[in-house]
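Trainee: I'd like to ask some things about the structure below.
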Amino acid sequence: MKKSKSSIQLNNTSFLDLLPSSSSTKPKALHDVFINHRGSDTKRNIATLLYDNLNARNLRPFLDSKNMKPGDKLFDHINRAILTSKVAVTVFSPNYCDSYFCLHELALIMESKKRVIPIFFDINPSQLDVMIEKVTCSDNEIQRFRWALQEAKDTVGLTFDSCKGNLSEVVTIASDVIVERLVELEAKDEDV
C-alpha cells in the first residue's frame with residue numbers, strides 16, 4: 001500500500017504544509033535522530049540510554065521526555081521532530097503495537113522516507129501487528145499502521161533479549177550504526 005503524503009493531518013495542518021514551499025528543498029534538520037519507542041517498556045532503559053549515548057557523541061537526538069516541555073503541543077512537536085530528523089530509530093517492544101502514538105509516529109517516519117534503524121527489544125519482528133481496537137482508530141489508520149509495521153519488518157535491525165543480552169552493548173552498537181548512517185547521508189548530500 002502506498003500512502004499519499006497529503007492525507008496526513010497534523011492538528012488540521014497538512015503534512016505538506018510543514019515542508020518548505022519548494023519541493024526540491026528538504027526541511028532543515030533540527031535533530032540528527034528521532035527515537036520512537038513505547039515509554040512504558042523502554043523509557044527507563046534503552047531509550048534513555050540511547051539518547052544519552054548519542055548526546056555524549058555530540059549528536060542531536062530527539063526523545064520526547066528529554067526534548068518536550070510542559071505546554072508543547074504533543075502531535076505538533078513530535079511530528080515536526082520526525083520531519084526534521086535525519087534518521088529514526090524505532091525501538092519495538094512487547095507493548096509497542098498497543099499504542100496509537102507509537103504507530104502514528106512509525107507511519108509518519110515511513111511515509112517521510114526516513115532511514116530507519118529498528119531495534120527489536122524483547123520482541124521478534126514476526127510478533128508485530130496492530131493491537132489497538134478499531135474503536136480507537138479508523139480502518140484507514142489501521143491499514144496505514146499495518147503498512148508501516150510491514151515496512152519496518154522488512155528492514156534489517158538489531159535484536160535484544162533482556163534475559164540474555166548486555167544492554168550497554170546494544171546501545172553502543174545502535175549508536176555506532178546511527179553514526180554510520182548519518183555519515184552516509186552527509187556523503188550522499190555532498191554528492192548532490
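Chains: A, B, ... in order of the C-alpha cells. Residues: from 1 per chain. Ligands: from 1, in order shown.
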Using DSSP secondary structure from the backbone, list all strand (DSSP E) positions within region 33-192 of chain A, as a list in words.
Mentor: Val33, Phe34, Ile35, Asn36, His37, Pro61, Phe62, Ser85, Lys86, Val87, Ala88, Val89, Thr90, Val91, Phe92, Arg115, Val116, Ile117, Pro118, Ile119, Phe120, Phe121, Leu158, Thr159 and Phe160 of chain A
Trainee: If we count only C-alpha atoms, what is near Val91 (chain A) at a cut-off of 8 Å, once residues fewer than 6 positions away on the same chain are taken out, given as a ChimeraX atom specification?
Mentor: /A:35-38,42,47,118-121
Trainee: Excluding same-chain residues fewer than 3 positions from Ile78 (chain A), what lies within 8 Å of it counting only C-alpha atoms, as a list in words?
Mentor: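 Everything that qualifies: Asp64, Leu74, Phe75, Ala81, Ile82 and Glu105 of chain A.
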Trainee: With N, CA, C and O atoms kept, could you save the residues just selected as an mmCIF file, in the first residue's frame?
Mentor:
data_model
loop_
_atom_site.group_PDB
_atom_site.id
_atom_site.type_symbol
_atom_site.label_atom_id
_atom_site.label_comp_id
_atom_site.auth_asym_id
_atom_site.auth_seq_id
_atom_site.Cartn_x
_atom_site.Cartn_y
_atom_site.Cartn_z
ATOM 1 N N ASP A 64 11.104 12.236 23.379
ATOM 2 C CA ASP A 64 10.013 13.056 23.903
ATOM 3 C C ASP A 64 10.243 13.539 25.333
ATOM 4 O O ASP A 64 10.095 14.726 25.627
ATOM 5 N N LEU A 74 1.552 18.152 21.753
ATOM 6 C CA LEU A 74 2.110 16.814 21.596
ATOM 7 C C LEU A 74 2.317 16.430 20.129
ATOM 8 O O LEU A 74 3.452 16.189 19.692
ATOM 9 N N PHE A 75 1.241 16.351 19.350
ATOM 10 C CA PHE A 75 1.374 15.907 17.961
ATOM 11 C C PHE A 75 2.212 16.876 17.139
ATOM 12 O O PHE A 75 3.059 16.459 16.362
ATOM 13 N N ALA A 81 9.411 17.069 14.883
ATOM 14 C CA ALA A 81 10.698 16.426 15.197
ATOM 15 C C ALA A 81 10.978 15.281 14.227
ATOM 16 O O ALA A 81 12.111 15.114 13.770
ATOM 17 N N ILE A 82 9.968 14.509 13.901
ATOM 18 C CA ILE A 82 10.146 13.422 12.927
ATOM 19 C C ILE A 82 10.554 13.992 11.575
ATOM 20 O O ILE A 82 11.523 13.543 10.954
ATOM 21 N N GLU A 105 3.580 7.617 14.934
ATOM 22 C CA GLU A 105 4.956 8.072 14.684
ATOM 23 C C GLU A 105 5.643 7.185 13.657
ATOM 24 O O GLU A 105 6.296 7.686 12.735
#
Trainee: Where in chain A does DSSP assign helix (DSSP H, G or I), given as a PyMOL selection string?
Mentor: chain A and resi 5-7+15-18+39-56+64-67+74-83+96-98+100-111+125-127+139-153+167-191
Trainee: Set the distance at 10 Å and use only C-alpha atoms: which residues neighbour Ile142 (chain A) once local chain neighbours fewer than 4 positions away are removed? I'd like the list as a list in words.
Mentor: Tyr100, Leu103, His104, Asp129, Val130, Met131, Ile132, Glu133, Lys134, Thr136, Cys137, Ser138, Arg146, Trp147 and Ala148 of chain A
Trainee: Between CA of Ile109 (chain A) and CA of Pro125 (chain A), what distance in Å does the model show, to one decimal?
Mentor: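 CA of Ile109 (chain A) sits 17.6 Å away from CA of Pro125 (chain A).
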Trainee: Pick out the residues sitting within 12 Å of Val183 (chain A), and hand them over as a list in words; count only C-alpha atoms, and ignore anything fewer than 4 positions along from it in its own chain.
Mentor: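 Those residues are Asp32, Leu59, Lys86, Val87, Asp176, Val177, Ile178, Val179, Ala187, Lys188, Asp189 and Glu190 of chain A.
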Trainee: Go ahead and save the residues from that selection, with all heavy atoms, as a compact mmCIF listing (two decimals), in the first residue's frame.
Mentor:
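Ended up saving to out15.txt:
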# COMPACT_ATOMS: atom_id res chain seq x y z
N ASP A 32 19.40 15.04 14.67
CA ASP A 32 20.07 14.01 13.89
C ASP A 32 19.26 12.73 13.88
O ASP A 32 19.20 12.03 12.88
CB ASP A 32 21.48 13.74 14.45
CG ASP A 32 22.39 14.93 14.26
OD1 ASP A 32 22.49 15.43 13.12
OD2 ASP A 32 22.99 15.38 15.25
N LEU A 59 25.76 14.41 19.09
CA LEU A 59 24.67 14.35 18.12
C LEU A 59 23.45 15.03 18.74
O LEU A 59 23.43 15.32 19.94
CB LEU A 59 24.36 12.90 17.75
CG LEU A 59 25.49 12.17 17.03
CD1 LEU A 59 25.11 10.72 16.77
CD2 LEU A 59 25.83 12.86 15.71
N LYS A 86 17.16 13.54 10.69
CA LYS A 86 17.84 12.90 9.56
C LYS A 86 17.54 11.41 9.48
O LYS A 86 17.35 10.87 8.39
CB LYS A 86 19.35 13.14 9.65
CG LYS A 86 19.73 14.60 9.53
CD LYS A 86 21.23 14.77 9.72
CE LYS A 86 21.63 16.24 9.69
NZ LYS A 86 23.07 16.39 9.94
N VAL A 87 17.56 10.72 10.61
CA VAL A 87 17.28 9.29 10.67
C VAL A 87 16.35 9.03 11.85
O VAL A 87 16.17 9.90 12.71
CB VAL A 87 18.56 8.43 10.81
CG1 VAL A 87 19.48 8.60 9.63
CG2 VAL A 87 19.28 8.70 12.10
N ASP A 176 26.65 3.30 17.14
CA ASP A 176 27.62 3.18 16.04
C ASP A 176 26.91 3.12 14.69
O ASP A 176 27.33 3.76 13.72
CB ASP A 176 28.50 1.95 16.22
CG ASP A 176 29.48 2.05 17.39
OD1 ASP A 176 29.70 3.18 17.89
OD2 ASP A 176 30.01 0.99 17.80
N VAL A 177 25.84 2.34 14.61
CA VAL A 177 25.07 2.22 13.36
C VAL A 177 24.46 3.57 12.98
O VAL A 177 24.49 3.97 11.81
CB VAL A 177 23.98 1.12 13.48
CG1 VAL A 177 23.03 1.17 12.30
CG2 VAL A 177 24.62 -0.25 13.62
N ILE A 178 23.93 4.28 13.95
CA ILE A 178 23.34 5.60 13.68
C ILE A 178 24.40 6.54 13.12
O ILE A 178 24.15 7.25 12.13
CB ILE A 178 22.70 6.18 14.97
CG1 ILE A 178 21.47 5.35 15.34
CG2 ILE A 178 22.36 7.65 14.80
CD1 ILE A 178 20.99 5.56 16.76
N VAL A 179 25.57 6.57 13.73
CA VAL A 179 26.65 7.43 13.24
C VAL A 179 27.01 7.05 11.80
O VAL A 179 27.17 7.92 10.94
CB VAL A 179 27.88 7.36 14.17
CG1 VAL A 179 29.10 8.02 13.53
CG2 VAL A 179 27.57 8.01 15.52
N ALA A 187 27.47 12.19 3.08
CA ALA A 187 28.22 11.95 1.84
C ALA A 187 27.27 12.01 0.65
O ALA A 187 27.61 12.57 -0.40
CB ALA A 187 28.92 10.59 1.91
N LYS A 188 26.08 11.46 0.79
CA LYS A 188 25.09 11.47 -0.28
C LYS A 188 24.67 12.91 -0.58
O LYS A 188 24.54 13.29 -1.73
CB LYS A 188 23.89 10.62 0.13
CG LYS A 188 22.85 10.48 -0.93
CD LYS A 188 21.71 9.59 -0.43
CE LYS A 188 20.58 9.55 -1.44
NZ LYS A 188 19.46 8.76 -0.94
N ASP A 189 24.44 13.70 0.47
CA ASP A 189 24.04 15.11 0.29
C ASP A 189 25.14 15.92 -0.39
O ASP A 189 24.86 16.83 -1.17
CB ASP A 189 23.66 15.75 1.62
CG ASP A 189 22.32 15.27 2.12
OD1 ASP A 189 21.56 14.68 1.34
OD2 ASP A 189 22.02 15.50 3.32
N GLU A 190 26.40 15.61 -0.09
CA GLU A 190 27.51 16.32 -0.71
C GLU A 190 27.65 16.00 -2.19
O GLU A 190 28.07 16.82 -2.98
CB GLU A 190 28.83 16.00 0.01
CG GLU A 190 28.93 16.65 1.36
CD GLU A 190 30.17 16.21 2.15
OE1 GLU A 190 31.02 15.49 1.59
OE2 GLU A 190 30.30 16.63 3.31
Trainee: Work out how far CA of Val89 (chain A) is from CA of Ala174 (chain A), in Å to one decimal.
Mentor: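 Computing the Euclidean distance for CA of Ala174 (chain A) and CA of Val89 (chain A) yields 8.7 Å.
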Trainee: Report, in Å to a single decimal, how far apart CA of Lys153 (chain A) and CA of Asn124 (chain A) are.
Mentor: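 Taking CA of Asn124 (chain A) and CA of Lys153 (chain A), their separation equals 9.3 Å.
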